[in-house]
Amino acid sequence: MRRYSALDQLCLGFDQALRAIAGHAETTARPYPAKNEQESELTPEQRKHSAALMRINHAGEVCAQALYHSQGLVSRGHAVKEKMRRAAIEEGDHLQWCSSRLAELSSHTSYLNPFWYAGSFAIGLTAGLIGDKWSLGFLAETEQQVVNHLEQHLTLLPAEDKKSLKILQQMHHDEAEHRDDAVHAGAAVLPRWVKKLMRFSSKLMVKTAYWF
């Protein structure tokens with residue numbers, strides 16, 4: 001197995017960041033969930049609202065890429081490092097799907113994606129340095145909050161927007177699996193104040209990415 005130098009890792013990390021921000025992260029190449037769903041007639045207001053919701057989800061996937069990249073970088077155990085790498089690739093599917101849907105809705109990704117990535121990378125790096133069980137705990141709590149967030153978005157989407165619905169339903173299923181995998185792998189339960197801080201950061205991103 002090839003061993004990467006610090007410079008190699010820096011270059012690889014920079015490349016990962018650019019790909020995530022641009023919406024071209026590594027994926028599993030799973031089929032687009034909305035591929036066989038016909039585009040519905042949406043009013044301008046519905047289209048704008050759906051696009052804003054999908055922009056939030058895209059920004060969330062950028063954050064997920066940063067979290068898993070940074071946690072994988074400093075994980076001590078090979079199993080946890082591999083789990084983070086695999087999770088990032090699977091989340092790459094979500095990133096691509098959200099990007100594709102935004103293009104279909106003639107909208108844009110968040111202009112603040114570089115900021116979301118940088119902030120999440122710093123948070124993930126901190127969690128990873130504390131220890132693998134806490135890193136897994138952070139992963140599990142992140143995914144739980146994403147599951148809750150997606151459940152809310154499933155009720156907020158215009159009923160006519162079946163394509164976005166298909167995407168969010170598949171994402172919801174995948175995020176729940178990631179949460180359960182982390183718990184089964186020995187994730188620590190995070191302190192309540194950490195969970196509250198994570199929810200606050202998430203709400204800040206959601207409210208901002210809706211518009212920008």
# chains A, B, ... in the order shown; residues from 1 in each chain; ligands from 1

$ select_by_dssp --residues "segment 19-209 of chain A" --states "alpha helix (DSSP H)" --output "ChimeraX atom specification"
/A:19-22,44-74,78-104,113-130,132-156,162-184,192-209

$ write_last_selection --atoms "C-alpha atoms" --output "compact mmCIF listing (two decimals), in the first residue's frame"
# COMPACT_ATOMS: atom_id res chain seq x y z
CA ARG A 19 -14.30 18.82 -6.07
CA ALA A 20 -16.75 19.00 -3.19
CA ILE A 21 -17.31 22.73 -3.57
CA ALA A 22 -17.78 22.34 -7.32
CA PRO A 44 -42.46 30.21 -10.57
CA GLU A 45 -42.96 30.42 -6.80
CA GLN A 46 -42.93 26.63 -6.40
CA ARG A 47 -39.86 26.29 -8.59
CA LYS A 48 -38.03 28.93 -6.58
CA HIS A 49 -38.99 27.30 -3.28
CA SER A 50 -37.96 23.80 -4.43
CA ALA A 51 -34.65 25.16 -5.69
CA ALA A 52 -33.99 26.89 -2.36
CA LEU A 53 -34.65 23.67 -0.47
CA MET A 54 -32.39 21.69 -2.78
CA ARG A 55 -29.70 24.37 -2.42
CA ILE A 56 -29.83 23.86 1.35
CA ASN A 57 -29.43 20.12 0.88
CA HIS A 58 -26.55 20.64 -1.55
CA ALA A 59 -24.81 22.91 0.99
CA GLY A 60 -25.38 20.27 3.64
CA GLU A 61 -23.68 17.69 1.43
CA VAL A 62 -20.72 20.03 0.96
CA CYS A 63 -20.50 20.18 4.76
CA ALA A 64 -20.70 16.38 4.94
CA GLN A 65 -17.81 16.05 2.50
CA ALA A 66 -15.69 18.36 4.64
CA LEU A 67 -16.59 16.55 7.86
CA TYR A 68 -15.73 13.11 6.53
CA HIS A 69 -12.58 14.26 4.75
CA SER A 70 -11.22 15.93 7.89
CA GLN A 71 -12.24 13.14 10.28
CA GLY A 72 -10.77 10.51 7.99
CA LEU A 73 -7.55 12.49 7.79
CA VAL A 74 -6.89 12.31 11.54
CA HIS A 78 -7.88 2.00 9.86
CA ALA A 79 -11.51 0.82 10.24
CA VAL A 80 -12.74 4.29 11.19
CA LYS A 81 -10.63 5.92 8.48
CA GLU A 82 -12.17 3.55 5.91
CA LYS A 83 -15.67 4.20 7.27
CA MET A 84 -15.17 7.95 6.80
CA ARG A 85 -13.82 7.45 3.29
CA ARG A 86 -16.75 5.27 2.34
CA ALA A 87 -19.29 7.64 3.85
CA ALA A 88 -17.78 10.55 1.91
CA ILE A 89 -18.12 8.63 -1.36
CA GLU A 90 -21.73 7.70 -0.66
CA GLU A 91 -22.48 11.30 0.32
CA GLY A 92 -20.90 12.24 -3.01
CA ASP A 93 -23.93 10.64 -4.66
CA HIS A 94 -26.18 13.01 -2.73
CA LEU A 95 -24.05 15.99 -3.70
CA GLN A 96 -24.30 15.10 -7.38
CA TRP A 97 -28.04 14.44 -7.21
CA CYS A 98 -28.72 17.81 -5.55
CA SER A 99 -26.51 19.54 -8.09
CA SER A 100 -28.37 17.86 -10.96
CA ARG A 101 -31.74 18.82 -9.54
CA LEU A 102 -30.69 22.43 -9.09
CA ALA A 103 -29.65 22.52 -12.75
CA GLU A 104 -33.04 21.09 -13.74
CA ASN A 113 -20.01 26.75 -0.27
CA PRO A 114 -16.30 27.51 0.31
CA PHE A 115 -17.23 28.92 3.71
CA TRP A 116 -19.43 25.90 4.57
CA TYR A 117 -16.63 23.53 3.59
CA ALA A 118 -13.93 25.36 5.56
CA GLY A 119 -16.04 25.64 8.71
CA SER A 120 -17.12 22.01 8.60
CA PHE A 121 -13.57 20.85 7.93
CA ALA A 122 -12.37 22.63 11.07
CA ILE A 123 -15.18 21.09 13.14
CA GLY A 124 -14.53 17.60 11.77
CA LEU A 125 -10.80 17.94 12.36
CA THR A 126 -11.42 18.85 15.99
CA ALA A 127 -13.79 15.91 16.48
CA GLY A 128 -11.35 13.52 14.83
CA LEU A 129 -8.42 14.62 16.97
CA ILE A 130 -10.33 13.96 20.19
CA ASP A 132 -12.25 7.74 17.09
CA LYS A 133 -15.25 6.95 19.30
CA TRP A 134 -16.02 10.67 19.54
CA SER A 135 -15.47 11.05 15.83
CA LEU A 136 -18.03 8.28 15.25
CA GLY A 137 -20.32 9.94 17.78
CA PHE A 138 -20.10 13.17 15.83
CA LEU A 139 -20.89 11.26 12.63
CA ALA A 140 -23.93 9.60 14.22
CA GLU A 141 -25.29 12.87 15.61
CA THR A 142 -24.66 14.69 12.32
CA GLU A 143 -26.59 12.04 10.42
CA GLN A 144 -29.43 12.09 12.96
CA GLN A 145 -29.79 15.83 12.54
CA VAL A 146 -29.72 15.44 8.76
CA VAL A 147 -32.44 12.78 8.97
CA ASN A 148 -34.59 15.18 11.01
CA HIS A 149 -33.86 17.97 8.57
CA LEU A 150 -34.80 15.84 5.53
CA GLU A 151 -38.05 14.74 7.17
CA GLN A 152 -38.95 18.40 7.49
CA HIS A 153 -38.03 19.14 3.88
CA LEU A 154 -40.18 16.25 2.67
CA THR A 155 -43.18 18.09 4.10
CA LEU A 156 -42.09 21.49 2.78
CA LYS A 162 -42.06 14.53 -7.47
CA LYS A 163 -38.45 14.60 -8.75
CA SER A 164 -37.08 16.41 -5.71
CA LEU A 165 -39.20 14.15 -3.51
CA LYS A 166 -37.58 11.01 -4.97
CA ILE A 167 -34.11 12.41 -4.31
CA LEU A 168 -34.81 13.41 -0.72
CA GLN A 169 -36.45 10.07 0.08
CA GLN A 170 -33.35 8.18 -1.06
CA MET A 171 -31.08 10.57 0.83
CA HIS A 172 -33.17 10.08 3.97
CA HIS A 173 -32.76 6.30 3.71
CA ASP A 174 -28.99 6.56 3.19
CA GLU A 175 -28.41 9.03 6.05
CA ALA A 176 -30.29 6.78 8.47
CA GLU A 177 -28.03 3.89 7.44
CA HIS A 178 -24.90 5.99 8.02
CA ARG A 179 -26.20 6.92 11.47
CA ASP A 180 -26.90 3.31 12.39
CA ASP A 181 -23.52 2.15 11.07
CA ALA A 182 -21.71 4.70 13.24
CA VAL A 183 -23.69 3.67 16.33
CA HIS A 184 -22.95 -0.02 15.75
CA ARG A 192 -26.05 17.78 25.19
CA TRP A 193 -24.31 21.14 24.75
CA VAL A 194 -22.39 19.81 21.74
CA LYS A 195 -25.64 18.64 20.13
CA LYS A 196 -27.20 22.07 20.74
CA LEU A 197 -24.19 23.80 19.20
CA MET A 198 -24.42 21.53 16.16
CA ARG A 199 -28.14 22.33 15.77
CA PHE A 200 -27.41 26.04 16.01
CA SER A 201 -24.73 25.81 13.30
CA SER A 202 -27.08 23.80 11.11
CA LYS A 203 -29.88 26.35 11.45
CA LEU A 204 -27.49 29.14 10.51
CA MET A 205 -26.50 27.29 7.34
CA VAL A 206 -30.11 26.45 6.46
CA LYS A 207 -31.39 30.01 6.79
CA THR A 208 -28.48 31.45 4.82
CA ALA A 209 -28.27 28.83 2.04

$ atom_distance --atom1 "atom CA of Ala34 of chain A" --atom2 "atom CA of Leu105 of chain A"
12.9 Å

$ atom_distance --atom1 "atom CA of Lys35 of chain A" --atom2 "atom CA of His108 of chain A"
19.9 Å

$ closest_residue --among "A:Gln38, A:Leu112, A:Gly131, A:Glu160" --to "Trp211 of chain A" --atoms "only C-alpha atoms"
A:Leu112

$ atom_distance --atom1 "atom CA of Glu37 of chain A" --atom2 "atom CA of Asp161 of chain A"
9.8 Å
